[in-house]
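Enquirer: This is the content of final_7.json (JSON, C-alpha atoms):
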```json
[["chain", "number", "residue", "atom", "x", "y", "z"],
["A", 93, "MET", "CA", 25.63, 67.02, -20.39],
["A", 94, "GLU", "CA", 28.81, 65.03, -21.07],
["A", 95, "TRP", "CA", 31.75, 65.42, -18.72],
["A", 96, "LEU", "CA", 35.29, 64.64, -19.74],
["A", 97, "PRO", "CA", 37.24, 62.73, -17.06],
["A", 98, "LEU", "CA", 39.36, 64.90, -14.78],
["A", 99, "ALA", "CA", 42.70, 64.05, -13.17],
["A", 100, "PRO", "CA", 42.25, 64.27, -9.38],
["A", 101, "PHE", "CA", 43.97, 66.54, -6.87],
["A", 102, "GLU", "CA", 46.74, 64.54, -5.18],
["A", 103, "PRO", "CA", 48.76, 64.94, -1.96],
["A", 104, "ILE", "CA", 52.52, 65.35, -1.83],
["A", 105, "SER", "CA", 54.63, 62.96, 0.24],
["A", 106, "ALA", "CA", 55.78, 64.27, 3.62],
["A", 107, "THR", "CA", 57.66, 62.92, 6.61],
["A", 108, "GLN", "CA", 56.40, 65.41, 9.22],
["A", 109, "ILE", "CA", 52.82, 66.09, 10.24],
["A", 110, "PRO", "CA", 51.88, 69.72, 9.45],
["A", 111, "THR", "CA", 50.88, 71.85, 12.43],
["A", 112, "GLY", "CA", 48.16, 74.42, 12.90],
["A", 113, "GLU", "CA", 44.42, 74.57, 13.53],
["A", 114, "GLN", "CA", 43.70, 74.65, 9.80],
["A", 115, "TRP", "CA", 44.75, 70.98, 9.36],
["A", 116, "ILE", "CA", 42.66, 67.81, 9.61],
["A", 117, "ALA", "CA", 43.79, 64.22, 9.12],
["A", 118, "GLN", "CA", 42.13, 61.30, 7.35],
["A", 119, "ILE", "CA", 42.95, 57.62, 7.01],
["A", 120, "LYS", "CA", 44.86, 56.85, 3.82],
["A", 121, "TRP", "CA", 42.90, 54.00, 2.32],
["A", 122, "ASP", "CA", 44.79, 51.37, 0.31],
["A", 123, "GLY", "CA", 42.60, 51.03, -2.74],
["A", 124, "VAL", "CA", 41.85, 52.52, -6.16],
["A", 125, "ARG", "CA", 41.28, 56.27, -6.55],
["A", 126, "MET", "CA", 37.98, 56.77, -8.36],
["A", 127, "LEU", "CA", 35.92, 59.74, -9.51],
["A", 128, "THR", "CA", 32.22, 59.09, -10.08],
["A", 129, "TYR", "CA", 30.34, 61.22, -12.63],
["A", 130, "PHE", "CA", 26.55, 61.54, -12.88],
["A", 131, "ASP", "CA", 25.07, 63.96, -15.42],
["A", 132, "GLY", "CA", 21.46, 63.26, -14.49],
["A", 133, "GLN", "CA", 21.15, 60.32, -16.86],
["A", 134, "GLU", "CA", 24.29, 58.18, -16.84],
["A", 135, "VAL", "CA", 26.86, 57.16, -14.22],
["A", 136, "ARG", "CA", 30.50, 56.75, -15.25],
["A", 137, "LEU", "CA", 33.59, 55.92, -13.19],
["A", 138, "PHE", "CA", 37.17, 56.92, -14.04],
["A", 139, "ASN", "CA", 40.35, 56.19, -12.11],
["A", 140, "ARG", "CA", 43.18, 58.66, -11.56],
["A", 141, "ARG", "CA", 44.80, 57.60, -14.83],
["A", 142, "LEU", "CA", 41.54, 58.52, -16.60],
["A", 143, "ASN", "CA", 40.75, 54.89, -17.44],
["A", 144, "GLU", "CA", 37.06, 54.05, -17.32],
["A", 145, "ARG", "CA", 35.96, 51.52, -14.70],
["A", 146, "THR", "CA", 32.15, 51.85, -14.86],
["A", 147, "MET", "CA", 31.61, 48.21, -15.80],
["A", 148, "GLN", "CA", 33.80, 46.86, -13.00],
["A", 149, "TYR", "CA", 31.71, 48.34, -10.17],
["A", 150, "PRO", "CA", 27.97, 47.86, -10.81],
["A", 151, "GLU", "CA", 27.32, 48.67, -7.13],
["A", 152, "LEU", "CA", 27.58, 52.35, -8.11],
["A", 153, "SER", "CA", 25.24, 52.16, -11.11],
["A", 154, "GLN", "CA", 22.22, 53.56, -9.19],
["A", 155, "PRO", "CA", 23.21, 57.06, -8.03],
["A", 156, "SER", "CA", 19.94, 57.75, -6.21],
["A", 157, "THR", "CA", 20.85, 55.05, -3.68],
["A", 158, "PHE", "CA", 23.91, 56.94, -2.45],
["A", 159, "CYS", "CA", 23.55, 60.63, -3.44],
["A", 160, "ARG", "CA", 20.60, 63.03, -3.21],
["A", 161, "SER", "CA", 21.91, 65.34, -5.96],
["A", 162, "SER", "CA", 20.50, 65.36, -9.49],
["A", 163, "SER", "CA", 24.06, 65.56, -10.88],
["A", 164, "PHE", "CA", 27.51, 65.32, -9.36],
["A", 165, "ILE", "CA", 31.20, 64.50, -9.58],
["A", 166, "ILE", "CA", 32.52, 62.94, -6.38],
["A", 167, "ASP", "CA", 36.00, 61.75, -5.48],
["A", 168, "GLY", "CA", 37.03, 58.85, -3.28],
["A", 169, "GLU", "CA", 38.80, 55.53, -2.89],
["A", 170, "LEU", "CA", 37.33, 52.14, -3.71],
["A", 171, "ILE", "CA", 38.57, 49.53, -1.25],
["A", 172, "ALA", "CA", 38.11, 45.81, -0.65],
["A", 173, "PHE", "CA", 38.99, 43.89, 2.49],
["A", 174, "ASP", "CA", 40.95, 40.76, 3.21],
["A", 175, "GLU", "CA", 40.31, 39.17, 6.60],
["A", 176, "ASN", "CA", 40.64, 42.34, 8.64],
["A", 177, "LYS", "CA", 41.84, 45.37, 6.70],
["A", 178, "PRO", "CA", 41.81, 47.01, 3.26],
["A", 179, "SER", "CA", 43.87, 45.08, 0.72],
["A", 180, "PHE", "CA", 45.15, 46.36, -2.62],
["A", 181, "HIS", "CA", 45.41, 42.74, -3.72],
["A", 182, "GLU", "CA", 41.68, 42.27, -3.12],
["A", 183, "ILE", "CA", 40.57, 45.43, -4.94],
["A", 184, "MET", "CA", 42.72, 44.41, -7.92],
["A", 185, "LYS", "CA", 40.63, 41.25, -8.16],
["A", 186, "ARG", "CA", 37.72, 43.54, -9.05],
["A", 187, "ASP", "CA", 39.52, 46.27, -10.99],
["A", 188, "SER", "CA", 41.18, 43.85, -13.41],
["A", 189, "LEU", "CA", 37.96, 42.08, -14.46],
["A", 190, "ARG", "CA", 36.67, 42.59, -18.01],
["A", 191, "ARG", "CA", 33.99, 39.91, -18.46],
["A", 192, "LEU", "CA", 30.46, 40.67, -17.24],
["A", 193, "ASP", "CA", 29.86, 37.16, -15.88],
["A", 194, "HIS", "CA", 33.08, 37.38, -13.84],
["A", 195, "ILE", "CA", 32.10, 40.83, -12.54],
["A", 196, "GLU", "CA", 28.65, 39.61, -11.48],
["A", 197, "ARG", "CA", 30.19, 36.79, -9.44],
["A", 198, "ALA", "CA", 32.84, 39.09, -7.96],
["A", 199, "VAL", "CA", 30.26, 41.54, -6.59],
["A", 200, "LYS", "CA", 29.32, 38.97, -3.94],
["A", 201, "ARG", "CA", 32.72, 37.30, -3.61],
["A", 202, "THR", "CA", 34.75, 40.53, -3.28],
["A", 203, "PRO", "CA", 32.49, 43.37, -2.10],
["A", 204, "VAL", "CA", 33.82, 46.91, -2.28],
["A", 205, "VAL", "CA", 33.33, 50.04, -0.20],
["A", 206, "TYR", "CA", 33.46, 53.53, -1.73],
["A", 207, "MET", "CA", 35.20, 55.85, 0.74],
["A", 208, "ILE", "CA", 34.11, 59.32, -0.47],
["A", 209, "PHE", "CA", 36.23, 62.28, 0.58],
["A", 210, "ASP", "CA", 35.51, 65.14, -1.83],
["A", 211, "VAL", "CA", 33.06, 66.65, -4.28],
["A", 212, "LEU", "CA", 33.84, 68.65, -7.42],
["A", 213, "TYR", "CA", 30.34, 69.29, -8.82],
["A", 214, "ILE", "CA", 26.94, 69.15, -7.17],
["A", 215, "GLU", "CA", 23.53, 70.00, -8.63],
["A", 216, "GLY", "CA", 25.22, 71.01, -11.89],
["A", 217, "LYS", "CA", 27.53, 73.56, -10.27],
["A", 218, "SER", "CA", 31.28, 73.44, -9.67],
["A", 219, "VAL", "CA", 32.28, 73.65, -6.02],
["A", 220, "MET", "CA", 36.02, 73.20, -6.61],
["A", 221, "ASP", "CA", 36.71, 76.82, -5.60],
["A", 222, "LYS", "CA", 35.06, 76.35, -2.20],
["A", 223, "PRO", "CA", 37.24, 75.50, 0.83],
["A", 224, "LEU", "CA", 37.52, 71.88, 1.88],
["A", 225, "LEU", "CA", 35.28, 72.21, 4.94],
["A", 226, "GLU", "CA", 32.43, 73.59, 2.79],
["A", 227, "ARG", "CA", 32.84, 70.75, 0.29],
["A", 228, "GLN", "CA", 32.78, 68.24, 3.13],
["A", 229, "ALA", "CA", 29.58, 69.82, 4.46],
["A", 230, "LEU", "CA", 28.03, 69.23, 1.02],
["A", 231, "LEU", "CA", 29.09, 65.58, 1.16],
["A", 232, "ASN", "CA", 27.41, 65.16, 4.53],
["A", 233, "GLU", "CA", 24.28, 66.82, 3.14],
["A", 234, "TYR", "CA", 24.01, 64.85, -0.10],
["A", 235, "ILE", "CA", 25.70, 61.45, 0.41],
["A", 236, "ILE", "CA", 23.56, 58.59, 1.72],
["A", 237, "PRO", "CA", 25.87, 56.24, 3.66],
["A", 238, "HIS", "CA", 25.27, 52.50, 3.73],
["A", 239, "ASP", "CA", 27.30, 49.27, 3.75],
["A", 240, "ASN", "CA", 29.37, 50.05, 0.65],
["A", 241, "ILE", "CA", 29.18, 53.87, 0.70],
["A", 242, "GLN", "CA", 30.92, 55.89, 3.41],
["A", 243, "VAL", "CA", 32.05, 59.51, 3.85],
["A", 244, "VAL", "CA", 35.65, 59.64, 5.07],
["A", 245, "GLN", "CA", 35.98, 60.89, 8.63],
["A", 246, "ASN", "CA", 38.11, 63.85, 9.77],
["A", 247, "PHE", "CA", 40.42, 63.61, 12.78],
["A", 248, "SER", "CA", 41.90, 66.61, 14.59],
["A", 249, "ASP", "CA", 44.79, 64.69, 16.21],
["A", 250, "ALA", "CA", 46.96, 63.54, 13.30],
["A", 251, "SER", "CA", 49.70, 62.15, 15.55],
["A", 252, "GLN", "CA", 47.29, 59.89, 17.40],
["A", 253, "LEU", "CA", 45.70, 58.75, 14.15],
["A", 254, "LEU", "CA", 49.12, 57.85, 12.77],
["A", 255, "LYS", "CA", 49.84, 55.76, 15.90],
["A", 256, "VAL", "CA", 46.57, 53.88, 15.42],
["A", 257, "MET", "CA", 47.39, 53.27, 11.77],
["A", 258, "LYS", "CA", 50.80, 51.88, 12.73],
["A", 259, "ALA", "CA", 49.20, 49.59, 15.31],
["A", 260, "HIS", "CA", 46.85, 48.20, 12.67],
["A", 261, "GLN", "CA", 49.55, 48.03, 9.97],
["A", 262, "MET", "CA", 47.60, 50.38, 7.72],
["A", 263, "GLU", "CA", 49.11, 52.47, 4.93],
["A", 264, "GLY", "CA", 49.22, 55.89, 6.60],
["A", 265, "ILE", "CA", 47.32, 59.17, 6.84],
["A", 266, "VAL", "CA", 46.55, 62.20, 4.66],
["A", 267, "CYS", "CA", 46.66, 65.69, 6.21],
["A", 268, "LYS", "CA", 44.54, 68.34, 4.49],
["A", 269, "ASN", "CA", 44.33, 72.08, 4.86],
["A", 270, "THR", "CA", 40.70, 72.90, 5.62],
["A", 271, "GLU", "CA", 40.94, 76.04, 3.47],
["A", 272, "SER", "CA", 42.20, 74.15, 0.39],
["A", 273, "THR", "CA", 40.31, 74.41, -2.88],
["A", 274, "TYR", "CA", 40.26, 71.46, -5.31],
["A", 275, "SER", "CA", 42.87, 71.69, -8.07],
["A", 276, "VAL", "CA", 42.26, 69.37, -11.03],
["A", 277, "ALA", "CA", 45.50, 67.50, -11.83],
["A", 278, "GLY", "CA", 47.09, 69.41, -8.95],
["A", 279, "LYS", "CA", 49.62, 68.17, -6.42],
["A", 280, "ASP", "CA", 50.83, 70.53, -3.70],
["A", 281, "LYS", "CA", 51.47, 70.88, 0.03],
["A", 282, "ARG", "CA", 47.85, 71.74, 0.91],
["A", 283, "TRP", "CA", 47.35, 67.96, 1.00],
["A", 284, "GLN", "CA", 50.18, 65.87, 2.50],
["A", 285, "LYS", "CA", 50.42, 62.10, 2.88],
["A", 286, "ILE", "CA", 52.47, 60.51, 5.65],
["A", 287, "LYS", "CA", 52.93, 56.85, 4.88],
["A", 288, "ILE", "CA", 53.86, 53.96, 7.14],
["A", 289, "PHE", "CA", 54.30, 51.69, 4.15],
["A", 290, "TYR", "CA", 55.31, 52.99, 0.74],
["A", 291, "ASP", "CA", 54.39, 51.57, -2.63],
["A", 292, "LEU", "CA", 55.52, 51.74, -6.23],
["A", 293, "HIS", "CA", 55.13, 49.96, -9.54],
["A", 294, "ALA", "CA", 58.21, 47.91, -10.45],
["A", 295, "ILE", "CA", 59.13, 45.68, -13.37],
["A", 296, "VAL", "CA", 60.23, 42.07, -13.07],
["A", 297, "GLY", "CA", 63.73, 41.59, -14.54],
["A", 298, "GLY", "CA", 64.54, 38.15, -13.18],
["A", 299, "ILE", "CA", 63.02, 35.19, -11.34],
["A", 300, "THR", "CA", 63.99, 32.09, -9.42],
["A", 301, "LEU", "CA", 61.87, 28.94, -9.42],
["A", 302, "ASN", "CA", 60.96, 26.39, -6.79],
["A", 303, "HIS", "CA", 59.19, 23.27, -8.07],
["A", 304, "ASP", "CA", 58.72, 25.04, -11.39],
["A", 305, "THR", "CA", 56.90, 28.03, -9.80],
["A", 306, "VAL", "CA", 58.21, 31.55, -9.19],
["A", 307, "ASN", "CA", 59.42, 31.93, -5.63],
["A", 308, "SER", "CA", 61.45, 35.13, -6.04],
["A", 309, "MET", "CA", 61.44, 38.15, -8.34],
["A", 310, "LEU", "CA", 64.25, 40.61, -9.07],
["A", 311, "LEU", "CA", 62.74, 44.05, -9.59],
["A", 312, "GLY", "CA", 63.77, 47.21, -11.36],
["A", 313, "LEU", "CA", 62.90, 50.77, -12.35],
["A", 314, "TYR", "CA", 64.06, 52.97, -15.22],
["A", 315, "ASN", "CA", 66.29, 55.94, -14.39],
["A", 316, "ALA", "CA", 66.28, 59.35, -16.08],
["A", 317, "THR", "CA", 68.52, 58.13, -18.90],
["A", 318, "GLY", "CA", 66.40, 55.05, -19.63],
["A", 319, "GLU", "CA", 68.64, 52.50, -17.91],
["A", 320, "PHE", "CA", 66.95, 49.60, -16.09],
["A", 321, "VAL", "CA", 68.14, 49.65, -12.47],
["A", 322, "TYR", "CA", 67.88, 46.80, -9.98],
["A", 323, "ILE", "CA", 66.06, 47.93, -6.80],
["A", 324, "GLY", "CA", 65.60, 44.72, -4.82],
["A", 325, "HIS", "CA", 63.95, 41.31, -4.82],
["A", 326, "SER", "CA", 60.74, 39.94, -3.38],
["A", 327, "GLY", "CA", 58.96, 36.66, -2.88],
["A", 328, "PRO", "CA", 55.51, 36.15, -4.44],
["A", 329, "GLY", "CA", 53.89, 38.08, -1.59],
["A", 330, "LYS", "CA", 50.11, 38.01, -1.91],
["A", 331, "LEU", "CA", 50.17, 36.13, -5.21],
["A", 332, "ALA", "CA", 48.98, 32.54, -4.89],
["A", 333, "GLY", "CA", 47.08, 29.90, -6.80],
["A", 334, "MET", "CA", 46.18, 30.85, -10.38],
["A", 335, "GLU", "CA", 47.64, 34.35, -10.03],
["A", 336, "LEU", "CA", 51.04, 32.93, -9.16],
["A", 337, "GLN", "CA", 50.77, 30.37, -11.93],
["A", 338, "ASN", "CA", 49.87, 33.10, -14.44],
["A", 339, "LEU", "CA", 52.90, 35.12, -13.32],
["A", 340, "THR", "CA", 55.09, 32.04, -13.66],
["A", 341, "ASN", "CA", 53.80, 31.39, -17.19],
["A", 342, "GLN", "CA", 54.32, 35.02, -18.23],
["A", 343, "ALA", "CA", 57.84, 35.10, -16.81],
["A", 344, "LYS", "CA", 58.87, 31.80, -18.41],
["A", 345, "ALA", "CA", 57.66, 33.06, -21.79],
["A", 346, "ALA", "CA", 59.82, 36.18, -21.39],
["A", 347, "ILE", "CA", 63.14, 34.54, -20.40],
["A", 348, "ILE", "CA", 66.19, 36.11, -22.04],
["A", 349, "PRO", "CA", 69.88, 35.09, -21.99],
["A", 350, "GLU", "CA", 71.37, 38.34, -20.64],
["A", 351, "MET", "CA", 70.81, 40.29, -17.43],
["A", 352, "PRO", "CA", 68.56, 43.32, -18.21],
["A", 353, "PHE", "CA", 69.75, 45.42, -15.24],
["A", 354, "MET", "CA", 72.51, 48.01, -15.62],
["A", 355, "ASN", "CA", 73.74, 47.17, -12.09],
["A", 356, "LYS", "CA", 74.42, 43.71, -10.66],
["A", 357, "PRO", "CA", 71.94, 42.40, -8.03],
["A", 358, "GLU", "CA", 73.41, 41.38, -4.70],
["A", 359, "ARG", "CA", 71.99, 37.88, -5.20],
["A", 360, "TYR", "CA", 71.66, 36.30, -8.59],
["A", 361, "LYS", "CA", 72.43, 32.59, -8.13],
["A", 362, "ASP", "CA", 70.01, 30.42, -10.12],
["A", 363, "VAL", "CA", 68.29, 33.51, -11.54],
["A", 364, "LEU", "CA", 66.49, 33.33, -14.88],
["A", 365, "TRP", "CA", 66.65, 36.73, -16.56],
["A", 366, "VAL", "CA", 63.35, 38.10, -17.85],
["A", 367, "ASN", "CA", 62.54, 40.67, -20.50],
["A", 368, "PRO", "CA", 61.22, 43.69, -18.53],
["A", 369, "GLN", "CA", 57.51, 43.65, -19.31],
["A", 370, "ILE", "CA", 55.69, 42.33, -16.23],
["A", 371, "ILE", "CA", 54.63, 45.09, -13.82],
["A", 372, "VAL", "CA", 53.81, 44.48, -10.15],
["A", 373, "LYS", "CA", 52.75, 46.75, -7.32],
["A", 374, "ILE", "CA", 55.22, 46.60, -4.43],
["A", 375, "GLN", "CA", 54.74, 47.67, -0.83],
["A", 376, "TYR", "CA", 57.89, 48.35, 1.18],
["A", 377, "MET", "CA", 58.97, 49.95, 4.46],
["A", 378, "GLU", "CA", 61.75, 52.29, 3.34],
["A", 379, "TRP", "CA", 64.42, 53.02, 0.76],
["A", 380, "THR", "CA", 67.91, 51.97, 1.87],
["A", 381, "THR", "CA", 71.18, 53.84, 1.38],
["A", 382, "HIS", "CA", 72.17, 51.13, -1.11],
["A", 383, "GLY", "CA", 69.32, 52.09, -3.41],
["A", 384, "THR", "CA", 67.10, 49.11, -2.70],
["A", 385, "MET", "CA", 63.77, 48.58, -0.95],
["A", 386, "ARG", "CA", 63.61, 47.27, 2.61],
["A", 387, "HIS", "CA", 61.06, 44.47, 3.19],
["A", 388, "PRO", "CA", 59.32, 44.64, -0.21],
["A", 389, "THR", "CA", 56.14, 42.62, -0.71],
["A", 390, "VAL", "CA", 54.30, 42.03, -3.98],
["A", 391, "GLN", "CA", 50.69, 43.22, -3.72],
["A", 392, "ALA", "CA", 49.39, 42.45, -7.21],
["A", 393, "ILE", "CA", 50.17, 42.09, -10.90],
["A", 394, "VAL", "CA", 49.26, 45.38, -12.58],
["A", 395, "THR", "CA", 48.07, 45.77, -16.17],
["A", 396, "ALA", "CA", 46.75, 49.37, -16.15],
["A", 397, "VAL", "CA", 50.22, 50.93, -15.77],
["A", 398, "HIS", "CA", 52.63, 51.57, -18.64],
["A", 399, "LEU", "CA", 56.29, 50.54, -18.60],
["A", 400, "GLU", "CA", 57.38, 54.15, -19.09],
["A", 401, "ASP", "CA", 55.67, 55.04, -15.80],
["A", 402, "CYS", "CA", 57.87, 52.62, -13.85],
["A", 403, "THR", "CA", 60.61, 55.15, -13.06],
["A", 404, "PHE", "CA", 62.28, 56.65, -10.02],
["A", 405, "LYS", "CA", 59.94, 59.65, -10.34],
["A", 406, "GLN", "CA", 57.49, 57.59, -8.29],
["A", 407, "LEU", "CA", 59.68, 58.33, -5.26],
["A", 408, "ASP", "CA", 59.18, 62.11, -5.53]]
```
What is this structure when it is put down as structure tokens?
Expert:
Amino acid sequence: MEWLPLAPFEPISATQIPTGEQWIAQIKWDGVRMLTYFDGQEVRLFNRRLNERTMQYPELSQPSTFCRSSSFIIDGELIAFDENKPSFHEIMKRDSLRRLDHIERAVKRTPVVYMIFDVLYIEGKSVMDKPLLERQALLNEYIIPHDNIQVVQNFSDASQLLKVMKAHQMEGIVCKNTESTYSVAGKDKRWQKIKIFYDLHAIVGGITLNHDTVNSMLLGLYNATGEFVYIGHSGPGKLAGMELQNLTNQAKAAIIPEMPFMNKPERYKDVLWVNPQIIVKIQYMEWTTHGTMRHPTVQAIVTAVHLEDCTFKQLD
């Protein structure tokens, strides 16, 4: 049997925790959404953009070590840790690799954990029309937890979980209706994410240098009419060493004479304008009334996202 990759069911953004006994809450893990497919012979991994990532995560190449089913499609988040919490920057170190020798070294250097929270197929049968609690019962029956395989835990007190996430500076929580079925490529209020920190993919439109290395980036998004809009600036954030040097080299090679933004940044002294082609993932606290991000931090350089996806629609 050959399965075509499926776009996952996604939560909508919310600011209030839903109420009622039919709701449970889960930790929102800051990683890479990944569906794992096993047809009885071959394992394949695809992310939410339907890009294959089987080669990048050899830890999941032996399905019998983590699932008792003869065939399955499971859904979860692949995460990697920095010193004390999940880090998107760390998981990108694995997700961006393309050479087998680099991947082999990274397995030990940057271990991953697969946080499994749903199942679409099990034993050759679709279970997407079953309510969430029944699908979770199947996960508990079939998944074999160990160091890098975990089933995501449910919490009944979403407010308390959100407080704990804030105390640990985690990303947020996801609230799920226990009666929800799984909708491929769906996105509706049966799953709702409440985020402490928000994130988006932005494009670098300008830089400043310190000792010939990027120390600040001016960032933008495209609006509905295709104009490139300035949305704030950030330091290098989690980029350091060779990653920062690579960014610096890319930006220097893309310098242009004119400002690419349709609106003027609040600070542009000593800025070198850059052709909008470098995409970074940004984490920020909130969107200001001036149309800029508050406390943005660069998490990683991103290559699996297209320029046309870097729009204000990400804020919906």
Enquirer: Leaving out range 145-149 of chain A and any residue of its chain fewer than 3 positions from it, which residues lie within 9 Å of it when counting all atoms listed in the file, given as a tab-separated table (two decimals) with C-alpha atoms, in the coordinates of the input?
Expert:
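Result written to out_32.tsv:
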```tsv
chain	number	residue	atom	x	y	z
A	126	MET	CA	37.98	56.77	-8.36
A	128	THR	CA	32.22	59.09	-10.08
A	135	VAL	CA	26.86	57.16	-14.22
A	136	ARG	CA	30.50	56.75	-15.25
A	137	LEU	CA	33.59	55.92	-13.19
A	138	PHE	CA	37.17	56.92	-14.04
A	139	ASN	CA	40.35	56.19	-12.11
A	152	LEU	CA	27.58	52.35	-8.11
A	153	SER	CA	25.24	52.16	-11.11
A	186	ARG	CA	37.72	43.54	-9.05
A	187	ASP	CA	39.52	46.27	-10.99
A	188	SER	CA	41.18	43.85	-13.41
A	189	LEU	CA	37.96	42.08	-14.46
A	190	ARG	CA	36.67	42.59	-18.01
A	191	ARG	CA	33.99	39.91	-18.46
A	192	LEU	CA	30.46	40.67	-17.24
A	195	ILE	CA	32.10	40.83	-12.54
A	199	VAL	CA	30.26	41.54	-6.59
A	204	VAL	CA	33.82	46.91	-2.28
```
Enquirer: Residues within 9 Å of Arg140 in chain A, please, as a PyMOL selection string. Count all atoms listed in the file; anything in the same chain fewer than 5 positions from it doesn't count.
Expert: chain A and resi 98-100+124-127
Enquirer: Just checking: using all atoms listed in the file, which residue out of A:Thr317, A:Thr384, A:Thr107, A:Gln342 ends up closest to Glu400 in chain A?
Expert: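 Answer, going by the shortest atom-to-atom distance: A:Thr317.
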Enquirer: How close does range 301-344 of chain A get to range 386-391 of chain A? List, as JSON lines, each residue of range 301-344 of chain A within 7 Å, its nearest atom pair and the distance in Å to one decimal, counting only C-alpha atoms.
Expert:
```
{"residue": "A:Ser326", "atom": "CA", "partner": "A:Pro388", "partner_atom": "CA", "distance": 5.8}
{"residue": "A:Gly327", "atom": "CA", "partner": "A:Thr389", "partner_atom": "CA", "distance": 6.9}
{"residue": "A:Pro328", "atom": "CA", "partner": "A:Val390", "partner_atom": "CA", "distance": 6.0}
{"residue": "A:Gly329", "atom": "CA", "partner": "A:Val390", "partner_atom": "CA", "distance": 4.6}
{"residue": "A:Lys330", "atom": "CA", "partner": "A:Gln391", "partner_atom": "CA", "distance": 5.5}
```
Enquirer: One decimal, in Å: what's the spacing between CA of Ser275 in chain A and CA of Leu407 in chain A?
Expert: 21.7 Å
